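Below is data21.cif, which holds mmCIF, C-alpha atoms and all ligand atoms.
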data_query
loop_
_atom_site.label_atom_id
_atom_site.label_comp_id
_atom_site.auth_asym_id
_atom_site.auth_seq_id
_atom_site.Cartn_x
_atom_site.Cartn_y
_atom_site.Cartn_z
CA MET E 1 55.63 -19.19 22.83
CA TYR E 2 53.33 -16.15 22.55
CA ILE E 3 53.14 -14.13 25.76
CA LEU E 4 51.19 -10.99 26.66
CA PHE E 5 52.13 -8.49 29.34
CA LEU E 6 48.97 -6.62 30.36
CA GLY E 7 48.61 -3.80 32.83
CA PRO E 8 48.11 -0.08 33.26
CA PRO E 9 50.68 2.45 32.06
CA GLY E 10 53.67 2.41 34.37
CA SER E 11 52.85 -1.00 35.86
CA GLY E 12 56.19 -2.37 34.61
CA LYS E 13 55.28 -3.99 31.27
CA GLY E 14 58.43 -2.69 29.58
CA THR E 15 60.75 -3.69 32.43
CA TYR E 16 59.27 -7.16 33.04
CA SER E 17 58.92 -8.04 29.37
CA ARG E 18 62.63 -7.28 28.89
CA VAL E 19 63.53 -9.69 31.72
CA ALA E 20 61.33 -12.40 30.19
CA SER E 21 62.66 -11.76 26.69
CA GLU E 22 66.30 -12.17 27.79
CA LEU E 23 65.60 -15.34 29.74
CA MET E 24 63.50 -16.98 27.03
CA ASP E 25 65.23 -15.49 24.02
CA ILE E 26 61.92 -14.36 22.50
CA PRO E 27 61.62 -10.97 20.70
CA ILE E 28 59.47 -8.19 22.17
CA LEU E 29 56.81 -6.40 20.18
CA ALA E 30 56.23 -3.13 22.06
CA THR E 31 53.64 -1.07 20.19
CA GLY E 32 54.33 2.11 22.21
CA ASP E 33 58.06 1.96 21.29
CA MET E 34 57.16 1.34 17.64
CA LEU E 35 54.80 4.32 17.56
CA ARG E 36 57.35 6.59 19.24
CA ALA E 37 59.98 5.56 16.66
CA GLU E 38 57.54 6.40 13.83
CA ILE E 39 56.79 9.79 15.41
CA GLU E 40 60.51 10.49 15.87
CA GLN E 41 61.17 9.68 12.18
CA ASN E 42 58.15 11.77 11.14
CA THR E 43 56.73 9.01 8.92
CA GLU E 44 53.12 9.14 7.64
CA LEU E 45 52.15 6.65 10.35
CA GLY E 46 54.01 8.73 12.95
CA LYS E 47 52.22 11.90 11.83
CA SER E 48 48.79 10.31 12.21
CA ALA E 49 49.62 8.67 15.56
CA ALA E 50 51.30 11.66 17.25
CA LYS E 51 48.17 13.43 18.45
CA TYR E 52 46.87 10.29 20.18
CA VAL E 53 50.17 9.32 21.79
CA THR E 54 50.96 12.80 23.17
CA SER E 55 47.45 13.23 24.61
CA GLY E 56 47.34 9.72 26.14
CA GLU E 57 44.50 8.44 23.90
CA LEU E 58 44.61 5.14 22.02
CA VAL E 59 45.69 5.08 18.39
CA PRO E 60 42.67 3.82 16.36
CA ASP E 61 42.35 0.04 16.02
CA ASP E 62 42.62 0.00 12.21
CA VAL E 63 46.04 1.70 12.39
CA MET E 64 47.17 -0.80 15.02
CA PHE E 65 45.87 -3.75 12.94
CA GLY E 66 48.14 -2.68 10.06
CA ILE E 67 51.20 -2.42 12.32
CA ILE E 68 50.58 -5.80 13.94
CA ARG E 69 49.90 -7.62 10.66
CA ASN E 70 53.14 -6.30 9.14
CA THR E 71 55.22 -7.04 12.19
CA LEU E 72 53.93 -10.55 12.81
CA SER E 73 54.65 -11.50 9.22
CA ARG E 74 58.39 -10.98 9.90
CA GLU E 75 60.58 -14.07 10.00
CA ASP E 76 61.90 -13.31 13.53
CA MET E 77 58.33 -13.31 14.92
CA LYS E 78 57.47 -16.82 13.69
CA ASN E 79 58.59 -18.77 16.78
CA GLY E 80 57.16 -16.62 19.50
CA VAL E 81 56.65 -13.02 20.62
CA ILE E 82 56.37 -11.15 23.88
CA PHE E 83 53.71 -8.47 23.46
CA ASP E 84 54.11 -5.27 25.50
CA GLY E 85 51.24 -2.82 25.13
CA PHE E 86 49.16 -4.85 22.68
CA PRO E 87 46.27 -5.66 22.69
CA ARG E 88 44.64 -2.69 24.38
CA THR E 89 41.01 -3.07 23.23
CA LEU E 90 38.68 -6.04 22.86
CA ALA E 91 38.79 -5.65 19.06
CA GLN E 92 42.61 -5.82 19.15
CA ALA E 93 42.49 -8.94 21.38
CA LYS E 94 40.14 -10.70 18.97
CA MET E 95 42.19 -9.66 15.98
CA LEU E 96 45.36 -11.03 17.57
CA ASP E 97 43.64 -14.36 18.24
CA GLU E 98 42.67 -14.50 14.58
CA ILE E 99 46.14 -13.70 13.21
CA LEU E 100 47.80 -16.21 15.54
CA SER E 101 45.31 -18.90 14.65
CA ASN E 102 46.13 -18.34 10.95
CA MET E 103 49.76 -18.95 11.94
CA ASN E 104 48.72 -22.17 13.76
CA ALA E 105 49.69 -20.49 17.00
CA LYS E 106 47.88 -19.07 20.04
CA ILE E 107 48.53 -16.98 23.12
CA ASP E 108 50.21 -19.33 25.58
CA MET E 109 50.51 -17.07 28.60
CA VAL E 110 49.18 -13.78 29.93
CA VAL E 111 51.03 -11.96 32.71
CA GLU E 112 48.94 -9.23 34.28
CA LEU E 113 50.85 -6.58 36.23
CA TYR E 114 48.94 -4.33 38.60
CA SER E 115 49.63 -1.28 40.77
CA SER E 116 47.37 1.36 42.29
CA ASP E 117 46.78 4.58 40.34
CA ASP E 118 48.57 6.61 43.04
CA GLU E 119 51.66 4.39 42.86
CA ILE E 120 51.65 4.73 39.07
CA ILE E 121 51.43 8.52 39.07
CA ALA E 122 54.29 8.70 41.59
CA ARG E 123 56.38 6.17 39.65
CA LEU E 124 55.95 7.72 36.21
CA SER E 125 57.07 11.14 37.39
CA ASN E 126 60.45 9.53 38.17
CA ARG E 127 60.64 7.36 35.05
CA ARG E 128 63.40 8.06 32.53
CA VAL E 129 64.08 6.14 29.32
CA CYS E 130 67.02 5.76 27.00
CA PRO E 131 65.92 7.20 23.62
CA LYS E 132 68.43 4.94 21.87
CA CYS E 133 67.93 1.43 23.33
CA GLY E 134 64.63 1.90 25.19
CA ARG E 135 65.98 0.76 28.58
CA ILE E 136 63.80 2.03 31.42
CA TYR E 137 65.07 3.60 34.65
CA HIS E 138 63.48 4.99 37.81
CA LEU E 139 65.46 7.86 39.36
CA ILE E 140 65.03 6.43 42.87
CA ASN E 141 64.27 2.69 42.63
CA MET E 142 66.24 1.75 39.51
CA PRO E 143 68.68 4.61 38.85
CA PRO E 144 71.42 4.56 36.21
CA LYS E 145 75.01 4.28 37.51
CA VAL E 146 75.84 7.78 36.24
CA ASP E 147 73.27 10.56 36.71
CA GLU E 148 70.65 10.50 33.87
CA ILE E 149 72.96 8.49 31.51
CA CYS E 150 72.08 5.05 30.07
CA ASP E 151 74.29 2.28 31.58
CA ASP E 152 74.25 0.36 28.30
CA ASP E 153 75.12 2.96 25.68
CA GLY E 154 75.94 6.25 27.45
CA THR E 155 72.97 8.13 25.89
CA LYS E 156 71.37 10.96 27.89
CA LEU E 157 68.09 9.71 29.36
CA ILE E 158 64.83 11.52 28.62
CA GLN E 159 61.42 11.82 30.23
CA ARG E 160 58.56 10.74 27.95
CA LYS E 161 56.25 13.64 27.08
CA ASP E 162 53.22 11.57 28.07
CA ASP E 163 54.67 10.94 31.58
CA LYS E 164 53.47 14.37 32.74
CA PRO E 165 50.95 13.85 35.61
CA GLU E 166 47.92 15.20 33.68
CA THR E 167 48.60 12.92 30.70
CA VAL E 168 49.24 9.98 33.03
CA ARG E 169 45.80 10.55 34.57
CA ARG E 170 44.27 10.52 31.09
CA ARG E 171 46.15 7.29 30.19
CA LEU E 172 44.91 5.64 33.40
CA LYS E 173 41.30 6.60 32.58
CA VAL E 174 41.69 5.20 29.07
CA TYR E 175 43.21 2.01 30.53
CA HIS E 176 40.37 1.42 33.01
CA LYS E 177 37.72 2.06 30.39
CA GLN E 178 39.13 0.45 27.24
CA THR E 179 41.86 -2.00 28.23
CA ALA E 180 40.97 -3.44 31.65
CA PRO E 181 37.88 -5.28 30.25
CA ILE E 182 40.13 -7.49 28.09
CA ILE E 183 41.54 -9.08 31.25
CA GLU E 184 38.23 -10.94 31.68
CA TYR E 185 38.37 -11.98 28.02
CA PHE E 186 41.74 -13.66 28.57
CA LYS E 187 40.89 -15.06 32.01
CA ALA E 188 37.92 -16.91 30.47
CA LYS E 189 40.20 -18.78 28.05
CA LYS E 190 41.05 -22.31 29.11
CA ASP E 191 43.91 -22.99 26.71
CA MET E 192 46.46 -20.62 28.21
CA PHE E 193 48.24 -19.89 31.47
CA TYR E 194 47.24 -16.70 33.25
CA PHE E 195 48.77 -15.15 36.35
CA ASN E 196 49.04 -11.73 37.91
CA ILE E 197 51.58 -9.97 40.10
CA SER E 198 51.49 -6.80 42.09
CA THR E 199 54.29 -4.51 40.98
CA GLY E 200 53.66 -1.86 43.61
CA GLY E 201 56.84 -2.45 45.65
CA PRO E 202 60.52 -2.40 44.68
CA PRO E 203 61.17 -3.85 41.19
CA LYS E 204 63.30 -6.72 42.57
CA ILE E 205 60.37 -8.17 44.53
CA GLY E 206 57.97 -8.26 41.58
CA ARG E 207 60.69 -9.61 39.30
CA ASN E 208 61.47 -12.45 41.74
CA LYS E 209 57.77 -13.28 42.03
CA MET E 210 57.53 -13.54 38.25
CA LEU E 211 60.65 -15.72 37.99
CA LYS E 212 59.31 -18.03 40.73
CA VAL E 213 56.10 -18.60 38.75
CA PHE E 214 58.09 -19.19 35.54
CA ARG E 215 60.26 -21.79 37.33
CA GLU E 216 57.31 -23.51 39.02
CA HIS E 217 55.65 -23.91 35.62
CA LYS E 218 58.90 -24.95 33.92
CA ILE E 219 58.75 -21.96 31.59
CA ILE E 220 62.43 -21.14 32.27
P1 LIG H 301 52.17 2.81 28.62
O1 LIG H 301 51.70 1.40 28.73
O2 LIG H 301 53.16 3.18 29.68
O3 LIG H 301 51.03 3.81 28.52
P2 LIG H 301 53.11 2.51 25.83
O4 LIG H 301 54.49 2.85 25.42
O5 LIG H 301 52.71 1.07 25.77
O6 LIG H 301 52.98 3.09 27.30
O7 LIG H 301 52.05 3.35 24.95
C1 LIG H 301 52.19 4.74 24.77
C2 LIG H 301 51.05 5.27 23.90
O8 LIG H 301 51.13 4.65 22.60
C3 LIG H 301 49.65 4.98 24.39
O9 LIG H 301 49.20 5.93 25.34
C4 LIG H 301 48.85 5.03 23.07
O10 LIG H 301 48.64 6.37 22.66
C5 LIG H 301 49.82 4.41 22.08
N1 LIG H 301 49.63 2.93 21.95
C6 LIG H 301 50.55 1.96 22.28
N2 LIG H 301 50.07 0.73 22.04
C7 LIG H 301 48.81 0.91 21.56
C8 LIG H 301 47.77 0.02 21.14
N3 LIG H 301 47.94 -1.32 21.20
N4 LIG H 301 46.62 0.55 20.70
C9 LIG H 301 46.43 1.89 20.64
N5 LIG H 301 47.35 2.79 21.04
C10 LIG H 301 48.54 2.32 21.48
#

Please lay out the structure from this file as C-alpha cells.
Ligand code: ADP
Amino acid sequence: MYILFLGPPGSGKGTYSRVASELMDIPILATGDMLRAEIEQNTELGKSAAKYVTSGELVPDDVMFGIIRNTLSREDMKNGVIFDGFPRTLAQAKMLDEILSNMNAKIDMVVELYSSDDEIIARLSNRRVCPKCGRIYHLINMPPKVDEICDDDGTKLIQRKDDKPETVRRRLKVYHKQTAPIIEYFKAKKDMFYFNISTGGPPKIGRNKMLKVFREHKII
C-alpha cells in the first residue's frame, strides 16, 4: 500500500505517519528527515540542500527526484511506503505517479491533515525532536517523561532550526503557494481513497479520528 500524508508544516505528518507505519508495518519515507541527515553528515547533497532547508524554502525538484528514485528502488520499499513530506509540488506529484506506475503500483490513499496557521505557529514553538530516532514531542501536549529527554533512547531533545517563528511563517507561505494546490490534484483521482482530518486539538483526538477511518475502511 502506498500512502501519502499531506499537510502544512507542523500539522502532524511526522506523528501520524509513525502511528500508521507501526500499525500497518509499512516503512516511512520522510524527505525532511532524509535531508536533515544529509546536512548533518555534510554530504554533497546536504551541502546543496542546507540553504533551502534552513530558510524554509523547497529544495529544487530535480534534487528531490534523484532522492526519491534512489530510495524507491530499495528492496524494503517494494511492498508499500508511507510518504511524509513528499510530494510538495505538482511536478513532484506527477513524477511520483510515474515512478509508481513503472513499479505497477499507485497511490492507494491520501491523508490530508489540516490546522490553522496560528495553531501551527504556536505548536511548532513547543516542538522538540529526538536527533537520534526522530521521535517528535510537544513540550505541553506530548511531553517526554523526563524533561527534554527522548523516552525511547535517552537522547537530549533538540529544537529544529527551522521551527523559529519567522522561518515557520516562510514555510507556511511556501506551503500555501506551492504545496496546497496538489491537494486538488489528488482529490480529482478516482482510483484512491482520500480523507482529511483536523489536527488542531489534542493529538489523541486526531489520532483516534484517523484510526476510526482506517477501521471503517478495513485498512487496519
Ligand atoms: P515540515 O513539513 O514540518 O515543514 P519537513 O521535515 O517535511 O518539515 O521538511 C523540512 C524542509 O525540508 C522543508 O522546509 C524543505 O526545505 C525540505 N523538504 C522536505 N521535503 C521536501 C520536498 N519534497 N521537496 C522540497 N523540499 C523538501

Considering all atoms listed in the file, give me a table of residues in chain E that are at most 9 Å from ligand LIG 301 (chain H), with the closest atom pair and distance in Å for each, as JSON lines.
{"residue": "E:Leu6", "atom": "CA", "partner": "H:LIG301", "partner_atom": "O1", "distance": 8.6}
{"residue": "E:Gly7", "atom": "CA", "partner": "H:LIG301", "partner_atom": "O1", "distance": 7.3}
{"residue": "E:Pro8", "atom": "CA", "partner": "H:LIG301", "partner_atom": "O1", "distance": 6.0}
{"residue": "E:Pro9", "atom": "CA", "partner": "H:LIG301", "partner_atom": "O2", "distance": 3.5}
{"residue": "E:Gly10", "atom": "CA", "partner": "H:LIG301", "partner_atom": "O2", "distance": 4.8}
{"residue": "E:Ser11", "atom": "CA", "partner": "H:LIG301", "partner_atom": "O2", "distance": 7.5}
{"residue": "E:Gly12", "atom": "CA", "partner": "H:LIG301", "partner_atom": "O2", "distance": 8.0}
{"residue": "E:Lys13", "atom": "CA", "partner": "H:LIG301", "partner_atom": "O1", "distance": 7.0}
{"residue": "E:Gly14", "atom": "CA", "partner": "H:LIG301", "partner_atom": "O5", "distance": 7.8}
{"residue": "E:Ala30", "atom": "CA", "partner": "H:LIG301", "partner_atom": "O5", "distance": 6.6}
{"residue": "E:Thr31", "atom": "CA", "partner": "H:LIG301", "partner_atom": "N2", "distance": 4.4}
{"residue": "E:Gly32", "atom": "CA", "partner": "H:LIG301", "partner_atom": "O4", "distance": 3.3}
{"residue": "E:Asp33", "atom": "CA", "partner": "H:LIG301", "partner_atom": "O4", "distance": 5.5}
{"residue": "E:Met34", "atom": "CA", "partner": "H:LIG301", "partner_atom": "C6", "distance": 8.1}
{"residue": "E:Leu35", "atom": "CA", "partner": "H:LIG301", "partner_atom": "O8", "distance": 6.2}
{"residue": "E:Arg36", "atom": "CA", "partner": "H:LIG301", "partner_atom": "O8", "distance": 7.3}
{"residue": "E:Ala49", "atom": "CA", "partner": "H:LIG301", "partner_atom": "O10", "distance": 7.5}
{"residue": "E:Ala50", "atom": "CA", "partner": "H:LIG301", "partner_atom": "O10", "distance": 8.0}
{"residue": "E:Lys51", "atom": "CA", "partner": "H:LIG301", "partner_atom": "O10", "distance": 8.2}
{"residue": "E:Tyr52", "atom": "CA", "partner": "H:LIG301", "partner_atom": "O10", "distance": 5.0}
{"residue": "E:Val53", "atom": "CA", "partner": "H:LIG301", "partner_atom": "O10", "distance": 3.4}
{"residue": "E:Thr54", "atom": "CA", "partner": "H:LIG301", "partner_atom": "O10", "distance": 6.9}
{"residue": "E:Ser55", "atom": "CA", "partner": "H:LIG301", "partner_atom": "O10", "distance": 7.2}
{"residue": "E:Gly56", "atom": "CA", "partner": "H:LIG301", "partner_atom": "O9", "distance": 4.3}
{"residue": "E:Glu57", "atom": "CA", "partner": "H:LIG301", "partner_atom": "O10", "distance": 4.8}
{"residue": "E:Leu58", "atom": "CA", "partner": "H:LIG301", "partner_atom": "N5", "distance": 3.7}
{"residue": "E:Val59", "atom": "CA", "partner": "H:LIG301", "partner_atom": "N5", "distance": 3.9}
{"residue": "E:Pro60", "atom": "CA", "partner": "H:LIG301", "partner_atom": "C9", "distance": 6.0}
{"residue": "E:Asp61", "atom": "CA", "partner": "H:LIG301", "partner_atom": "N4", "distance": 6.4}
{"residue": "E:Val63", "atom": "CA", "partner": "H:LIG301", "partner_atom": "C9", "distance": 8.3}
{"residue": "E:Met64", "atom": "CA", "partner": "H:LIG301", "partner_atom": "N4", "distance": 5.9}
{"residue": "E:Phe65", "atom": "CA", "partner": "H:LIG301", "partner_atom": "N3", "distance": 8.9}
{"residue": "E:Ile68", "atom": "CA", "partner": "H:LIG301", "partner_atom": "N3", "distance": 8.9}
{"residue": "E:Asp84", "atom": "CA", "partner": "H:LIG301", "partner_atom": "O5", "distance": 6.5}
{"residue": "E:Gly85", "atom": "CA", "partner": "H:LIG301", "partner_atom": "O5", "distance": 4.2}
{"residue": "E:Phe86", "atom": "CA", "partner": "H:LIG301", "partner_atom": "N3", "distance": 4.0}
{"residue": "E:Pro87", "atom": "CA", "partner": "H:LIG301", "partner_atom": "N3", "distance": 4.9}
{"residue": "E:Arg88", "atom": "CA", "partner": "H:LIG301", "partner_atom": "N3", "distance": 4.8}
{"residue": "E:Thr89", "atom": "CA", "partner": "H:LIG301", "partner_atom": "N4", "distance": 7.1}
{"residue": "E:Gln92", "atom": "CA", "partner": "H:LIG301", "partner_atom": "N3", "distance": 7.3}
{"residue": "E:Leu124", "atom": "CA", "partner": "H:LIG301", "partner_atom": "O2", "distance": 8.4}
{"residue": "E:Asp162", "atom": "CA", "partner": "H:LIG301", "partner_atom": "O9", "distance": 7.4}
{"residue": "E:Asp163", "atom": "CA", "partner": "H:LIG301", "partner_atom": "O2", "distance": 8.1}
{"residue": "E:Thr167", "atom": "CA", "partner": "H:LIG301", "partner_atom": "O9", "distance": 8.8}
{"residue": "E:Val168", "atom": "CA", "partner": "H:LIG301", "partner_atom": "O3", "distance": 7.8}
{"residue": "E:Arg170", "atom": "CA", "partner": "H:LIG301", "partner_atom": "O9", "distance": 8.9}
{"residue": "E:Arg171", "atom": "CA", "partner": "H:LIG301", "partner_atom": "O9", "distance": 5.9}
{"residue": "E:Leu172", "atom": "CA", "partner": "H:LIG301", "partner_atom": "O3", "distance": 8.0}
{"residue": "E:Val174", "atom": "CA", "partner": "H:LIG301", "partner_atom": "O9", "distance": 8.4}
{"residue": "E:Tyr175", "atom": "CA", "partner": "H:LIG301", "partner_atom": "O3", "distance": 8.3}

Residue nearest Phe214 in chain E - candidates E:Ala180, E:Thr43, E:Asn102, E:Ala20, atoms counted: all atoms listed in the file
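Looking only at the distances to Phe214 in chain E, the closest residue turns out to be E:Ala20.
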
With a distance cut-off of 8 Å and only C-alpha atoms, select the neighbouring residues of range 24-29 of chain E, excluding the residue or stretch itself and same-chain residues fewer than 2 positions from it, and output the selection as JSON, numbers by chain.
{"E": [1, 17, 18, 20, 21, 22, 31, 76, 77, 79, 80, 81, 82, 83, 84, 220]}

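If only C-alpha atoms are the atoms counted, then among E:Pro165, E:Lys212, E:Thr179, E:Asn196 the closest residue to Ala93 in chain E is E:Thr179.
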
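Coordinates place CA of Glu38 in chain E at a distance of 26.6 Å from CA of Met103 in chain E.
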
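The residue that comes closest to Arg69 in chain E, out of E:Leu100, E:Met210, E:Pro202, E:Phe186 and on the basis of all atoms listed in the file, is E:Leu100.
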
Using CA of Glu166 in chain E and CA of Tyr16 in chain E as the two end points, give the distance in Å to one decimal.
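The value is 25.1 Å.
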
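The space between CA of Asn141 in chain E and CA of Tyr194 in chain E spans 27.5 Å.
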
Residue nearest Arg128 in chain E - candidates E:Leu96, E:Ala105, E:Leu23, E:Ile158, atoms counted: all atoms listed in the file:
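Answer, going by the shortest atom-to-atom distance: E:Ile158.
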
Neighbours of Ile3 in chain E within 6 Å (only C-alpha atoms; same-chain residues fewer than 5 positions away dropped), as a ChimeraX atom specification?
/E:82,108-110

Using all atoms listed in the file, which residue out of E:Arg215, E:Glu148, E:Ser115, E:Pro143 lies closest to Pro131 in chain E?
E:Glu148

Would you mind telling me which residue in E:Asp97, E:Asp62, E:Glu112, E:Glu40 lies nearest to Lys187 in chain E when using only C-alpha atoms?
E:Glu112

Assuming 3 Å of padding per side, give the centre and edge lengths of the axis-aligned box around every listed atom of range 43-57 of chain E, in Å to one decimal and as lines of an AutoDock Vina configuration file.
center_x = 50.6
center_y = 10.0
center_z = 16.9
size_x = 18.2
size_y = 12.8
size_z = 24.5
